[in-house]
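Engineer: Sharing entry20.txt here; it has compact mmCIF, C-alpha atoms (C1' of nucleotides).
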# COMPACT_ATOMS: atom_id res chain seq x y z
CA MET K 1 47.37 -108.14 -129.06
CA LYS K 2 47.01 -110.58 -131.93
CA ASN K 3 49.96 -112.84 -131.70
CA ASN K 4 48.18 -116.06 -131.05
CA TYR K 5 46.01 -118.17 -133.29
CA GLN K 6 42.86 -117.38 -131.32
CA ASP K 7 43.01 -113.71 -132.26
CA LEU K 8 43.54 -114.66 -135.88
CA VAL K 9 40.44 -116.83 -135.70
CA TYR K 10 38.44 -114.01 -134.12
CA GLU K 11 39.60 -111.50 -136.69
CA CYS K 12 38.78 -113.85 -139.54
CA THR K 13 35.36 -114.60 -138.07
CA ARG K 14 34.55 -110.91 -137.73
CA LYS K 15 35.22 -110.51 -141.45
CA ILE K 16 32.34 -112.82 -142.32
CA PRO K 17 29.66 -110.58 -143.86
CA ARG K 18 26.13 -110.50 -142.50
CA GLY K 19 24.05 -113.16 -144.23
CA LYS K 20 27.08 -115.33 -145.00
CA VAL K 21 28.65 -118.28 -143.20
CA CYS K 22 32.06 -119.93 -143.15
CA THR K 23 33.27 -123.35 -142.05
CA TYR K 24 35.78 -124.38 -139.42
CA GLY K 25 37.84 -126.09 -142.09
CA ILE K 26 38.03 -123.06 -144.37
CA ILE K 27 39.19 -120.83 -141.53
CA ALA K 28 41.70 -123.41 -140.32
CA ASP K 29 43.05 -123.83 -143.82
CA PHE K 30 43.24 -120.08 -144.47
CA LEU K 31 45.11 -119.44 -141.21
CA GLY K 32 47.30 -122.49 -141.67
CA LEU K 33 46.23 -124.00 -138.37
CA GLY K 34 46.25 -127.51 -139.70
CA SER K 35 43.25 -128.57 -137.70
CA ALA K 36 39.66 -127.37 -137.80
CA ARG K 37 39.36 -128.34 -134.16
CA MET K 38 41.62 -125.42 -133.34
CA VAL K 39 38.99 -123.06 -134.71
CA GLY K 40 36.37 -124.71 -132.53
CA TRP K 41 38.60 -124.31 -129.51
CA ALA K 42 39.10 -120.62 -130.16
CA LEU K 43 35.43 -119.94 -130.79
CA ASN K 44 34.54 -121.82 -127.63
CA LYS K 45 36.15 -118.99 -125.72
CA SER K 46 35.04 -116.23 -128.05
CA PHE K 47 32.08 -115.30 -125.84
CA GLN K 48 34.49 -113.58 -123.47
CA MET K 49 35.75 -111.31 -126.24
CA ASP K 50 34.99 -107.65 -126.74
CA PRO K 51 33.84 -106.75 -129.28
CA PRO K 52 31.91 -109.99 -129.63
CA VAL K 53 32.75 -112.54 -132.30
CA PRO K 54 29.91 -113.67 -134.63
CA ALA K 55 30.59 -117.31 -133.89
CA HIS K 56 27.12 -118.25 -135.14
CA ARG K 57 28.39 -117.64 -138.68
CA VAL K 58 30.80 -120.58 -138.41
CA VAL K 59 29.43 -124.05 -139.14
CA ASN K 60 30.95 -127.39 -139.95
CA ARG K 61 31.59 -128.46 -143.52
CA LYS K 62 28.13 -130.00 -143.84
CA GLY K 63 26.49 -126.77 -142.77
CA GLU K 64 25.38 -128.17 -139.43
CA LEU K 65 25.18 -125.89 -136.38
CA SER K 66 27.53 -128.08 -134.41
CA GLY K 67 28.40 -125.26 -132.04
CA ARG K 68 24.88 -124.36 -130.97
CA ASN K 69 25.14 -126.13 -127.64
CA HIS K 70 27.87 -123.72 -126.62
CA PHE K 71 25.62 -120.71 -126.88
CA ALA K 72 23.59 -119.49 -123.94
CA ASP K 73 20.57 -121.06 -125.59
CA PRO K 74 20.90 -123.91 -128.12
CA THR K 75 18.37 -122.15 -130.36
CA MET K 76 20.24 -118.84 -130.29
CA MET K 77 22.57 -119.79 -133.12
CA GLN K 78 19.67 -120.62 -135.41
CA THR K 79 17.80 -117.48 -134.37
CA LEU K 80 20.77 -115.23 -135.12
CA LEU K 81 21.30 -116.81 -138.52
CA GLU K 82 17.63 -116.51 -139.44
CA GLU K 83 17.69 -112.84 -138.44
CA GLU K 84 20.38 -112.41 -141.08
CA GLY K 85 18.23 -114.08 -143.71
CA ILE K 86 19.86 -117.49 -143.59
CA LYS K 87 17.50 -120.45 -143.85
CA VAL K 88 18.06 -123.04 -141.14
CA LYS K 89 16.32 -126.38 -141.05
CA GLN K 90 16.94 -129.19 -138.57
CA ASP K 91 20.07 -127.46 -137.21
CA LYS K 92 21.52 -127.19 -140.67
CA VAL K 93 21.87 -124.20 -143.01
CA MET K 94 20.13 -124.43 -146.36
CA GLN K 95 21.92 -123.66 -149.65
CA LEU K 96 25.31 -123.69 -147.96
CA GLU K 97 27.18 -123.24 -151.23
CA ALA K 98 25.19 -120.09 -152.03
CA ILE K 99 25.96 -118.32 -148.74
CA LEU K 100 29.43 -119.70 -148.14
CA TRP K 101 32.06 -117.00 -147.63
CA ARG K 102 35.77 -117.56 -148.07
CA PRO K 103 38.39 -115.27 -146.55
CA GLN K 104 40.52 -113.29 -148.98
CA ILE K 105 44.13 -112.26 -148.39
CA GLU K 106 43.31 -108.63 -149.27
CA ASP K 107 40.72 -108.53 -146.49
CA PHE K 108 43.51 -108.73 -143.94
CA ASP K 109 46.25 -106.49 -145.32
C1' DT H 1 54.90 -132.81 -116.54
C1' DA H 2 51.81 -135.80 -118.76
C1' DG H 3 47.39 -137.39 -120.06
C1' DT H 4 42.82 -136.00 -121.72
C1' DT H 5 39.59 -133.27 -124.18
C1' DG H 6 37.37 -131.11 -128.11
C1' DA H 7 32.02 -126.45 -131.80
C1' DC H 8 36.45 -130.95 -137.30
C1' DG H 9 37.80 -133.10 -141.49
C1' DA H 10 40.00 -136.60 -144.48
C1' DC H 11 40.19 -141.16 -145.69
C1' DG H 12 39.30 -146.07 -146.12
C1' DG H 13 36.18 -149.99 -145.95
C1' DT N 1 26.79 -143.24 -150.22
C1' DC N 2 27.36 -143.91 -145.43
C1' DC N 3 29.81 -144.90 -141.27
C1' DG N 4 33.82 -145.57 -138.31
C1' DT N 5 38.57 -144.41 -137.32
C1' DC N 6 42.41 -141.56 -136.93
C1' DG N 7 45.24 -137.25 -137.02
C1' DC N 8 45.59 -132.58 -135.97
C1' DC N 9 47.32 -129.52 -131.65
C1' DA N 10 46.32 -125.99 -127.99
C1' DA N 11 44.14 -125.73 -123.54
C1' DC N 12 42.83 -127.78 -119.47
C1' DT N 13 43.26 -130.73 -115.26
Would you kindly transcribe this structure into structure tokens?
Structural biologist:
Amino acid sequence: MKNNYQDLVYECTRKIPRGKVCTYGIIADFLGLGSARMVGWALNKSFQMDPPVPAHRVVNRKGELSGRNHFADPTMMQTLLEEEGIKVKQDKVMQLEAILWRPQIEDFD
DNA sequence: TAGTTGACGACGG
DNA sequence: TCCGTCGCCAACT
């Protein structure tokens, strides 16, 4: 079911293309959650989901990997991003503006 | 039932 | 430009 905000967050996160990232604020704003912390809350529990949610593609507005400590290994988030071709330096994505993805209404029907 | 927590962001000094 | 404070609100204890 997808009646709660968590499922909306998961669905939105799964739409993020490989090699792109999104921010908590953008997702919160797009879904009308009002608070970016809500997105963090949802993603905190996303590891239990099937299929998995690419939570590593969500960063804070400065591009920092603020959620890395919630992965099994704090370096996993960086590793996953680098495997997708995203440059990460000092726990922060490089050229954030260039790889930033924004959800579109038509993506969700 | 009520208080606390939290992967954030906006704003003011 | 940088840093500290506050608001947001669902989930947890």
Engineer: May I ask for the distance between CA of Leu31 in chain K and CA of Asp107 in chain K, given in Å to one decimal place?
Structural biologist: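 Between CA of Leu31 in chain K and CA of Asp107 in chain K the gap works out to 12.9 Å.
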Engineer: Just give me the gap between CA of Met77 in chain K and CA of Lys89 in chain K in Å, one decimal is fine.
Structural biologist: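 Going from CA of Met77 in chain K over to CA of Lys89 in chain K covers 12.1 Å.
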Engineer: Write out as a PDB file with C-alpha atoms, keeping the file's coordinate frame every residue belonging to chain K that has an atom at most 10 Å from any atom of chain N, counting only C-alpha atoms (C1' of nucleotides).
Structural biologist:
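File produced: out30.pdb:
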ATOM      1  CA  TYR K   5      46.010-118.170-133.290  1.00  0.00           C
ATOM      2  CA  GLN K   6      42.860-117.380-131.320  1.00  0.00           C
ATOM      3  CA  LEU K  33      46.230-124.000-138.370  1.00  0.00           C
ATOM      4  CA  GLY K  34      46.250-127.510-139.700  1.00  0.00           C
ATOM      5  CA  SER K  35      43.250-128.570-137.700  1.00  0.00           C
ATOM      6  CA  ALA K  36      39.660-127.370-137.800  1.00  0.00           C
ATOM      7  CA  ARG K  37      39.360-128.340-134.160  1.00  0.00           C
ATOM      8  CA  MET K  38      41.620-125.420-133.340  1.00  0.00           C
ATOM      9  CA  TRP K  41      38.600-124.310-129.510  1.00  0.00           C
ATOM     10  CA  ALA K  42      39.100-120.620-130.160  1.00  0.00           C
TER      11      ALA K  42
END
Engineer: Looking at only C-alpha atoms, which of K:Thr13, K:Asp109, K:Asn69, K:Pro74 is the one that sits closest to Pro52 in chain K?
Structural biologist: K:Thr13
Engineer: Up to 9 Å from chain H, what residues of chain K turn up? Count only C-alpha atoms (C1' of nucleotides) and give them as a PyMOL selection string.
Structural biologist: chain K and resi 24-25+35-41+43-44+58-61+65-70
Engineer: What does the distance from CA of Tyr10 in chain K to CA of Val53 in chain K come to in Å, to one decimal?
Structural biologist: 6.2 Å
Engineer: List as a list in words: which residues have an atom within 12 Å of (25.8, -116.9, -150.0), counting all atoms listed in the file?
Structural biologist: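 In the file's frame, the residues around the point are Ile16, Pro17, Arg18, Gly19, Lys20, Val21, Cys22, Arg57, Glu84, Gly85, Ile86, Lys87, Val93, Met94, Gln95, Leu96, Glu97, Ala98, Ile99, Leu100, Trp101 and Arg102 of chain K.
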